[in-house]
file upload00.cif (mmCIF, C-alpha atoms and all ligand atoms)
data_structure
loop_
_atom_site.label_atom_id
_atom_site.label_comp_id
_atom_site.auth_asym_id
_atom_site.auth_seq_id
_atom_site.Cartn_x
_atom_site.Cartn_y
_atom_site.Cartn_z
CA THR A 1 105.13 119.25 172.52
CA TRP A 2 106.99 119.30 175.74
CA THR A 3 109.03 116.16 175.10
CA MET A 4 110.10 117.36 171.68
CA LEU A 5 111.31 120.61 173.19
CA ASN A 6 113.38 118.51 175.57
CA ILE A 7 114.78 116.49 172.70
CA ALA A 8 115.78 119.64 170.87
CA GLU A 9 117.33 121.19 173.97
CA GLU A 10 119.17 117.99 174.79
CA GLN A 11 120.72 117.81 171.35
CA ILE A 12 121.63 121.48 171.37
CA GLU A 13 123.41 121.00 174.68
CA ARG A 14 125.19 117.85 173.50
CA ILE A 15 126.44 119.60 170.36
CA ARG A 16 127.56 122.64 172.32
CA GLU A 17 129.70 120.37 174.48
CA GLN A 18 131.10 118.47 171.53
CA ILE A 19 132.15 121.55 169.59
CA GLY A 20 133.29 123.57 172.59
CA ASP A 21 133.70 127.33 172.88
CA GLU A 22 136.10 127.80 170.02
CA GLY A 23 135.21 125.17 167.46
CA ARG A 24 133.79 125.92 164.04
CA ALA A 25 131.42 123.78 162.05
CA ILE A 26 130.35 123.44 158.45
CA CYS A 27 127.07 122.01 157.25
CA GLY A 28 125.92 121.20 153.75
CA LEU A 29 122.25 121.91 153.11
CA SER A 30 120.52 119.71 150.56
CA GLY A 31 117.07 121.28 150.66
CA GLY A 32 115.78 118.27 152.59
CA VAL A 33 114.47 118.10 156.12
CA ASP A 34 117.38 116.24 157.74
CA SER A 35 120.16 118.63 156.86
CA ALA A 36 117.90 121.60 157.66
CA VAL A 37 117.06 120.37 161.16
CA ALA A 38 120.66 119.33 161.81
CA ALA A 39 121.85 122.80 160.81
CA ALA A 40 119.19 124.51 162.93
CA ILE A 41 120.26 122.54 166.01
CA VAL A 42 123.93 123.34 165.51
CA GLN A 43 123.11 127.00 164.88
CA ARG A 44 121.34 127.14 168.23
CA ALA A 45 124.36 125.52 169.83
CA ILE A 46 127.19 127.62 168.40
CA GLY A 47 125.62 130.55 166.54
CA ASP A 48 127.69 132.04 163.76
CA ARG A 49 130.57 129.68 164.29
CA LEU A 50 128.48 127.53 161.98
CA ASP A 51 128.76 128.08 158.23
CA CYS A 52 126.21 126.43 155.95
CA VAL A 53 126.88 125.67 152.31
CA PHE A 54 124.11 125.17 149.78
CA VAL A 55 125.11 123.90 146.37
CA ASP A 56 122.40 125.00 143.96
CA HIS A 57 122.75 122.37 141.26
CA GLY A 58 119.56 123.38 139.51
CA LEU A 59 117.98 119.94 140.02
CA LEU A 60 115.67 120.88 142.87
CA ARG A 61 111.94 121.35 142.49
CA LYS A 62 110.24 124.68 141.96
CA GLY A 63 110.74 127.04 144.87
CA GLU A 64 113.01 124.74 146.88
CA ALA A 65 116.22 126.68 146.40
CA GLU A 66 114.43 129.87 147.47
CA GLN A 67 113.01 128.10 150.51
CA VAL A 68 116.54 127.28 151.62
CA GLU A 69 118.09 130.62 150.68
CA ARG A 70 115.33 132.84 151.99
CA ASP A 71 112.89 131.10 154.34
CA PHE A 72 115.31 128.79 156.10
CA VAL A 73 117.80 131.59 156.63
CA ALA A 74 115.06 133.89 157.91
CA ALA A 75 113.80 131.24 160.33
CA THR A 76 117.19 130.26 161.74
CA GLY A 77 119.61 133.09 161.11
CA VAL A 78 122.27 130.72 159.81
CA LYS A 79 125.19 132.06 157.85
CA LEU A 80 124.64 130.65 154.37
CA HIS A 81 127.02 130.39 151.44
CA VAL A 82 125.27 129.63 148.17
CA VAL A 83 127.21 128.07 145.32
CA ASP A 84 125.46 128.64 142.02
CA ALA A 85 126.53 125.49 140.20
CA GLN A 86 123.62 125.18 137.80
CA GLN A 87 125.59 125.65 134.62
CA GLN A 88 128.39 123.42 135.87
CA PHE A 89 125.93 120.56 136.40
CA LEU A 90 124.23 121.07 133.05
CA ASP A 91 127.59 121.01 131.30
CA ALA A 92 128.63 117.85 133.11
CA LEU A 93 125.32 116.15 132.29
CA ALA A 94 125.23 117.14 128.63
CA GLY A 95 124.64 114.14 126.38
CA VAL A 96 124.25 111.70 129.29
CA THR A 97 121.21 109.41 129.38
CA ASP A 98 122.29 106.42 131.46
CA PRO A 99 120.79 106.60 135.00
CA GLU A 100 123.84 105.35 136.86
CA GLU A 101 126.08 107.61 134.83
CA LYS A 102 123.88 110.56 135.78
CA ARG A 103 124.10 109.62 139.45
CA LYS A 104 127.87 109.36 139.29
CA ILE A 105 128.25 112.71 137.58
CA ILE A 106 125.86 114.49 139.93
CA GLY A 107 127.60 112.98 142.97
CA ARG A 108 131.03 113.93 141.69
CA GLU A 109 130.08 117.50 140.79
CA PHE A 110 128.34 117.91 144.10
CA ILE A 111 131.41 116.91 146.09
CA ARG A 112 133.58 119.14 143.94
CA SER A 113 131.33 122.19 144.51
CA PHE A 114 130.85 121.52 148.19
CA GLU A 115 134.54 121.04 148.87
CA GLY A 116 135.41 124.19 146.99
CA ALA A 117 133.04 126.19 149.16
CA GLU A 118 134.18 124.39 152.28
CA ALA A 119 137.82 125.24 151.62
CA ALA A 120 136.95 128.90 151.08
CA VAL A 121 134.94 129.03 154.30
CA LEU A 122 137.71 127.39 156.31
CA ARG A 123 140.37 129.67 154.88
CA ALA A 124 138.22 132.68 155.71
CA ALA A 125 137.92 131.34 159.25
CA GLY A 126 141.69 131.18 159.55
CA LEU A 127 141.85 127.40 159.57
CA GLY A 128 143.48 127.20 156.18
CA ASP A 129 146.85 128.62 157.12
CA ASP A 130 147.36 126.64 160.28
CA THR A 131 150.60 124.72 160.19
CA ASP A 132 151.10 123.25 163.63
CA GLY A 133 148.60 120.48 163.20
CA GLY A 134 145.88 119.15 165.39
CA LYS A 135 143.23 121.58 164.24
CA VAL A 136 139.80 120.13 163.94
CA ALA A 137 136.86 121.50 162.08
CA PHE A 138 133.45 120.00 162.63
CA LEU A 139 131.37 118.68 159.79
CA VAL A 140 127.64 118.44 160.44
CA GLN A 141 125.76 115.45 159.07
CA GLY A 142 122.08 114.63 159.25
CA THR A 143 122.55 110.95 160.09
CA LEU A 144 119.38 109.48 161.62
CA TYR A 145 119.11 106.72 164.20
CA PRO A 146 118.14 104.02 161.66
CA ASP A 147 121.31 104.83 159.67
CA VAL A 148 123.39 104.54 162.84
CA VAL A 149 121.91 101.14 163.63
CA GLU A 150 122.27 99.95 160.06
CA SER A 151 125.93 100.82 159.91
CA GLY A 152 126.55 99.15 163.28
CA GLY A 153 127.92 102.29 164.91
CA GLY A 154 127.07 102.59 168.58
CA ALA A 155 127.14 105.77 170.60
CA GLY A 156 130.64 107.06 171.07
CA THR A 157 131.95 105.66 167.82
CA SER A 158 134.91 107.71 166.84
CA ASN A 159 133.92 109.90 163.98
CA ILE A 160 137.08 111.50 162.84
CA LYS A 161 137.79 111.47 159.17
CA SER A 162 140.78 113.02 157.61
CA HIS A 163 140.15 115.56 155.00
CA HIS A 164 139.44 114.63 151.46
CA ASN A 165 142.10 116.40 149.53
CA VAL A 166 140.89 119.90 149.04
CA GLY A 167 143.45 122.16 147.54
CA GLY A 168 144.65 124.94 149.81
CA LEU A 169 144.01 123.25 153.12
CA PRO A 170 146.67 121.73 155.34
CA ASP A 171 147.00 117.96 155.08
CA ASP A 172 146.57 117.42 158.78
CA LEU A 173 143.36 119.35 159.14
CA GLU A 174 140.88 116.85 160.44
CA PHE A 175 137.14 116.82 160.38
CA GLU A 176 135.13 115.54 163.26
CA LEU A 177 131.57 114.60 162.49
CA VAL A 178 128.72 116.24 164.35
CA GLU A 179 125.49 114.28 164.15
CA PRO A 180 122.65 116.08 165.94
CA LEU A 181 120.02 113.62 164.70
CA ARG A 182 121.76 110.36 165.46
CA THR A 183 119.32 109.40 168.22
CA LEU A 184 116.19 110.41 166.30
CA PHE A 185 113.70 108.81 163.96
CA LYS A 186 112.36 110.70 160.97
CA ASP A 187 109.07 111.69 162.61
CA GLU A 188 110.99 113.07 165.59
CA VAL A 189 113.23 115.04 163.27
CA ARG A 190 110.15 116.68 161.77
CA LEU A 191 108.75 117.54 165.20
CA VAL A 192 112.05 119.00 166.34
CA GLY A 193 112.13 121.00 163.12
CA GLU A 194 108.71 122.41 163.90
CA GLN A 195 109.78 123.25 167.43
CA LEU A 196 112.77 125.13 166.09
CA GLY A 197 110.46 127.17 163.90
CA LEU A 198 111.50 125.87 160.49
CA PRO A 199 109.12 126.51 157.58
CA ALA A 200 106.47 123.80 157.16
CA GLU A 201 107.41 123.41 153.48
CA ILE A 202 110.81 122.15 154.56
CA VAL A 203 109.78 120.19 157.65
CA TRP A 204 107.03 118.24 155.89
CA ARG A 205 108.79 117.78 152.58
CA GLN A 206 108.54 114.37 150.95
CA PRO A 207 111.76 112.39 150.59
CA PHE A 208 113.55 113.55 147.46
CA PRO A 209 116.48 111.77 145.83
CA GLY A 210 119.92 113.38 146.00
CA PRO A 211 120.24 113.47 142.18
CA GLY A 212 116.95 115.37 142.15
CA LEU A 213 115.08 116.02 138.95
CA GLY A 214 118.11 114.74 137.06
CA ILE A 215 116.78 111.19 137.42
CA ARG A 216 113.17 112.19 136.72
CA ILE A 217 113.93 113.25 133.17
CA ILE A 218 114.14 110.11 131.09
CA GLY A 219 116.76 111.11 128.56
CA GLU A 220 119.30 113.90 128.55
CA VAL A 221 118.98 116.59 131.21
CA THR A 222 118.74 120.08 129.72
CA ALA A 223 117.71 123.47 131.10
CA ASP A 224 114.49 123.47 129.03
CA ARG A 225 113.48 120.01 130.15
CA LEU A 226 114.15 120.88 133.77
CA GLU A 227 111.90 123.89 133.41
CA ILE A 228 109.07 121.78 131.96
CA LEU A 229 109.37 119.15 134.68
CA ARG A 230 109.60 121.76 137.43
CA GLU A 231 106.32 123.32 136.31
CA ALA A 232 104.49 119.99 135.97
CA ASP A 233 105.81 118.77 139.32
CA ALA A 234 104.80 121.99 141.06
CA ILE A 235 101.22 121.62 139.81
CA ALA A 236 101.01 118.00 140.93
CA ARG A 237 102.32 118.87 144.38
CA GLU A 238 100.00 121.83 144.68
CA GLU A 239 96.95 119.71 143.92
CA LEU A 240 98.06 116.98 146.31
CA THR A 241 98.43 119.56 149.06
CA ARG A 242 95.08 121.16 148.23
CA ALA A 243 93.44 117.73 148.54
CA GLY A 244 94.97 117.37 152.00
CA LEU A 245 96.84 114.23 151.00
CA ASP A 246 100.46 115.23 151.64
CA ARG A 247 100.88 113.11 154.71
CA ASP A 248 99.18 110.04 153.20
CA ILE A 249 101.41 109.92 150.17
CA TRP A 250 105.01 108.89 150.73
CA GLN A 251 106.30 110.34 147.48
CA MET A 252 104.83 111.38 144.17
CA PRO A 253 107.53 111.65 141.53
CA VAL A 254 106.53 113.37 138.31
CA VAL A 255 108.60 111.93 135.49
CA LEU A 256 109.20 113.59 132.12
CA LEU A 257 109.49 111.19 129.19
CA ALA A 258 111.66 113.63 127.35
CA ASP A 259 112.53 111.43 124.40
CA VAL A 260 108.95 110.33 123.81
CA ARG A 261 106.41 112.39 121.87
CA SER A 262 102.76 111.76 121.31
CA VAL A 263 100.13 113.46 119.24
CA GLY A 264 97.54 115.59 120.93
CA VAL A 265 94.97 118.18 120.14
CA GLN A 266 94.99 121.38 122.15
CA GLY A 267 93.16 124.56 121.31
CA ASP A 268 92.89 124.79 117.55
CA GLY A 269 95.65 122.52 116.60
CA ARG A 270 97.47 119.30 116.63
CA THR A 271 100.33 119.10 119.10
CA TYR A 272 103.28 116.78 119.30
CA GLY A 273 104.37 117.03 122.90
CA HIS A 274 105.83 115.05 125.75
CA PRO A 275 104.07 112.78 128.25
CA VAL A 276 104.62 113.01 131.98
CA VAL A 277 104.06 110.16 134.39
CA ILE A 278 102.57 110.69 137.84
CA ARG A 279 103.93 108.16 140.33
CA PRO A 280 102.16 108.49 143.71
CA VAL A 281 103.13 105.79 146.19
CA THR A 282 102.47 104.88 149.78
CA SER A 283 105.29 103.33 151.77
CA GLU A 284 106.78 102.91 155.23
CA ASP A 285 110.43 103.02 154.39
CA ALA A 286 110.82 103.10 150.57
CA MET A 287 112.01 99.48 150.56
CA THR A 288 108.60 98.43 149.31
CA ALA A 289 105.81 100.64 148.08
CA ASP A 290 102.26 100.41 146.84
CA TRP A 291 100.86 102.60 144.08
CA ALA A 292 98.54 105.07 145.73
CA ARG A 293 94.85 105.06 144.89
CA LEU A 294 94.53 108.82 144.46
CA PRO A 295 90.93 110.00 144.12
CA TYR A 296 89.89 110.43 140.48
CA ASP A 297 88.99 114.08 140.96
CA VAL A 298 92.50 114.85 142.23
CA LEU A 299 94.00 113.02 139.25
CA GLU A 300 91.70 114.91 136.96
CA ARG A 301 92.75 118.29 138.32
CA ILE A 302 96.42 117.38 138.04
CA SER A 303 95.95 116.21 134.46
CA THR A 304 93.87 119.17 133.33
CA ARG A 305 96.13 121.74 134.88
CA ILE A 306 99.37 120.24 133.62
CA THR A 307 98.14 119.97 130.03
CA ASN A 308 96.66 123.47 130.19
CA GLU A 309 99.53 125.20 131.91
CA VAL A 310 102.63 123.42 130.64
CA ALA A 311 102.67 123.94 126.91
CA GLU A 312 105.12 121.18 126.09
CA VAL A 313 103.16 118.47 127.89
CA ASN A 314 100.09 117.08 126.14
CA ARG A 315 99.56 113.81 127.97
CA VAL A 316 99.48 112.79 131.65
CA THR A 317 99.77 109.12 132.57
CA LEU A 318 99.50 107.31 135.90
CA ASP A 319 101.97 104.69 137.08
CA VAL A 320 100.10 101.80 138.74
CA THR A 321 103.10 99.61 139.52
CA SER A 322 104.00 98.66 143.07
CA LYS A 323 107.53 98.14 144.35
CA PRO A 324 108.56 95.47 143.67
CA PRO A 325 108.60 95.04 140.74
CA GLY A 326 108.90 98.77 139.93
CA THR A 327 111.23 101.05 141.85
CA ILE A 328 109.79 104.33 143.11
CA GLU A 329 111.95 106.38 140.77
CA TRP A 330 112.01 105.63 137.06
CA GLU A 331 115.78 105.75 136.88
P1 LIG B 1 113.79 103.49 144.44
O1 LIG B 1 113.64 104.27 143.16
O2 LIG B 1 115.04 102.66 144.45
O3 LIG B 1 113.99 104.58 145.56
O4 LIG B 1 112.58 102.70 144.80
C1 LIG B 1 113.92 104.32 146.94
C2 LIG B 1 114.03 105.64 147.67
O5 LIG B 1 115.32 106.22 147.47
C3 LIG B 1 115.23 107.45 146.78
N1 LIG B 1 116.33 107.45 145.81
C4 LIG B 1 117.48 108.08 146.01
N2 LIG B 1 117.91 108.84 147.02
N3 LIG B 1 119.97 109.16 145.89
C5 LIG B 1 119.14 109.40 146.95
O6 LIG B 1 119.55 110.13 147.85
C6 LIG B 1 119.60 108.39 144.84
O7 LIG B 1 120.38 108.19 143.90
C7 LIG B 1 118.29 107.83 144.90
N4 LIG B 1 117.60 107.02 144.06
C8 LIG B 1 116.40 106.80 144.65
C9 LIG B 1 113.86 107.47 146.13
O8 LIG B 1 113.40 108.80 145.94
C10 LIG B 1 113.05 106.69 147.14
O9 LIG B 1 112.69 107.51 148.25
#
call {"tool": "encode", "arguments": {"input": "upload00.cif", "output": "structure tokens"}}
result
Amino acid sequence: TWTMLNIAEEQIERIREQIGDEGRAICGLSGGVDSAVAAAIVQRAIGDRLDCVFVDHGLLRKGEAEQVERDFVAATGVKLHVVDAQQQFLDALAGVTDPEEKRKIIGREFIRSFEGAEAAVLRAAGLGDDTDGGKVAFLVQGTLYPDVVESGGGAGTSNIKSHHNVGGLPDDLEFELVEPLRTLFKDEVRLVGEQLGLPAEIVWRQPFPGPGLGIRIIGEVTADRLEILREADAIAREELTRAGLDRDIWQMPVVLLADVRSVGVQGDGRTYGHPVVIRPVTSEDAMTADWARLPYDVLERISTRITNEVAEVNRVTLDVTSKPPGTIEWE
């Protein structure tokens, strides 16, 4: 709509002023809607003085990395640097089953990969060999209005942070935060994203946890298990979309109980496969949630297709726990 166009234009203008005619900015893309819209706004403001970094940690859902690398780039023209860190993450997660441990490892590896790419980008831009101080690079963040309010930061809060110890960059290089979404609510972010021509798959994506599928595999995360979960999750999402329920369901994690096996009978034989759990919930803000009463025929299609199409899965179960007492994620 008209007002949303104004919002987008206003933010683009504000960011253009903040960064100026010479400044350079870096933005990390997560695959989610916030970082995508933030990047698209900054790209409109400063063009190819923006570099985007996408760390492919291999924990995204089916097709999501491609949507960032291909569709998002095609829609916006951003300069994208992809870090293929899949093996690095698998190595770091090997043998780990504790949920908080997984989160810590994924967070740590993510920062390590991102900062490595960031340093390379800045050096290539000539910021790395500056010695006379005072140089500022801009770091784009997809902070939303509710986050701003929650953290007590009003407009005009100084957002300078000194750099976090990346080898090869001068100590006095400072980062100034650029927050194109800091006056917007989530629904406005989506509308601005649509106005800027981003792919619907990104704009209307359900919230997805930073640690990704890593916390939807109960047990150790391995390449094979990720593949199984990715296929099952893709089927569940496809059927939800086909039923026209995407916007009614807040999130629908599919969880692989990788250390559990149950007996089944498929085709001519007995199987001994893994169960998956479907966890559709409705919610306003993820603080509380209700288990979603999905129509039986949708559940049936999800169940039939997953057990037919994903060989390792022979049982589909439904989580009917609200939050509280259950959390939305299983880990
Ligand atoms: P829970 O499972 O606590 O999740 O009910 C609430 C919301 O937060 C998401 N979530 C995360 N997001 N990093 C994230 O960025 C995390 O470690 C994480 N854990 C949970 C979850 O998907 C839900 O939307």
call {"tool": "closest_residue", "arguments": {"input": "upload00.cif", "among": "A:Gly31, A:Gly77, A:Gly58, A:Pro324", "to": "Val281 in chain A", "atoms": "only C-alpha atoms"}}
result
A:Pro324
call {"tool": "residues_near_ligand", "arguments": {"input": "upload00.cif", "ligand": "ligand LIG 1 (chain B)", "cutoff": "7 Å", "atoms": "all atoms listed in the file", "output": "list of chain:residue names"}}
result
A:Arg103, A:Pro207, A:Phe208, A:Pro209, A:Gly210, A:Pro211, A:Ala286, A:Met287, A:Lys323, A:Thr327, A:Ile328, A:Glu329, A:Trp330, A:Glu331
call {"tool": "residues_around", "arguments": {"input": "upload00.cif", "residues": "Glu66 in chain A", "least_positions_apart": "2", "cutoff": "12 Å", "atoms": "all atoms listed in the file", "output": "PyMOL selection string"}}
result
chain A and resi 31+54+56+58+60-64+68-74+82+199+201-202
call {"tool": "residues_around", "arguments": {"input": "upload00.cif", "residues": "range 107-116 of chain A", "least_positions_apart": "5", "cutoff": "8 Å", "atoms": "all atoms listed in the file", "output": "list in words"}}
result
Gly28, Val53, Phe54, Val55, His57, Val83, Ala85, Gln88, Phe89, Ala92, Val166 and Pro211 of chain A
call {"tool": "residues_around", "arguments": {"input": "upload00.cif", "residues": "range 218-232 of chain A", "least_positions_apart": "4", "cutoff": "10 Å", "atoms": "all atoms listed in the file", "output": "ChimeraX atom specification"}}
result
/A:58-63,86-87,89-99,102,213-214,236-238,254-260,274,276-278,302-303,305-307,309-313,316,330-331
call {"tool": "closest_residue", "arguments": {"input": "upload00.cif", "among": "A:Leu181, A:Leu240, A:Leu29, A:Val203", "to": "Asp297 in chain A", "atoms": "only C-alpha atoms"}}
result
A:Leu240
call {"tool": "residues_around", "arguments": {"input": "upload00.cif", "residues": "Leu191 in chain A", "least_positions_apart": "4", "cutoff": "12 Å", "atoms": "all atoms listed in the file", "output": "list in words"}}
result
Thr1, Trp2, Thr3, Met4, Leu5, Asn6, Ile7, Ala8, Val33, Asp34, Val37, Leu181, Leu184, Phe185, Lys186, Asp187, Gln195, Leu196, Gly197, Leu198, Pro199, Ala200, Ile202, Val203 and Trp204 of chain A
call {"tool": "closest_residue", "arguments": {"input": "upload00.cif", "among": "A:Gln11, A:Gln67, A:Gln141, A:Ser283", "to": "Ile26 in chain A", "atoms": "all atoms listed in the file"}}
result
A:Gln141
call {"tool": "atom_distance", "arguments": {"input": "upload00.cif", "atom1": "CA of Glu118 in chain A", "atom2": "CA of Thr143 in chain A"}}
result
19.4 Å
call {"tool": "residues_around", "arguments": {"input": "upload00.cif", "residues": "range 38-46 of chain A", "least_positions_apart": "3", "cutoff": "6 Å", "atoms": "all atoms listed in the file", "output": "list in words"}}
result
Ile12, Arg16, Ser35, Arg49, Gly142 and Pro180 of chain A
call {"tool": "closest_residue", "arguments": {"input": "upload00.cif", "among": "A:Glu150, A:Asp290, A:Glu100, A:Glu179", "to": "Asp319 in chain A", "atoms": "all atoms listed in the file"}}
result
A:Asp290
call {"tool": "axis_aligned_box", "arguments": {"input": "upload00.cif", "around": "range 220-228 of chain A", "padding_each_side": "4 Å", "output": "JSON"}}
result
{"center_x": 114.2, "center_y": 118.9, "center_z": 131.2, "size_x": 18.2, "size_y": 18.0, "size_z": 13.2}
call {"tool": "atom_distance", "arguments": {"input": "upload00.cif", "atom1": "CA of Val192 in chain A", "atom2": "CA of Ala25 in chain A"}}
result
20.4 Å
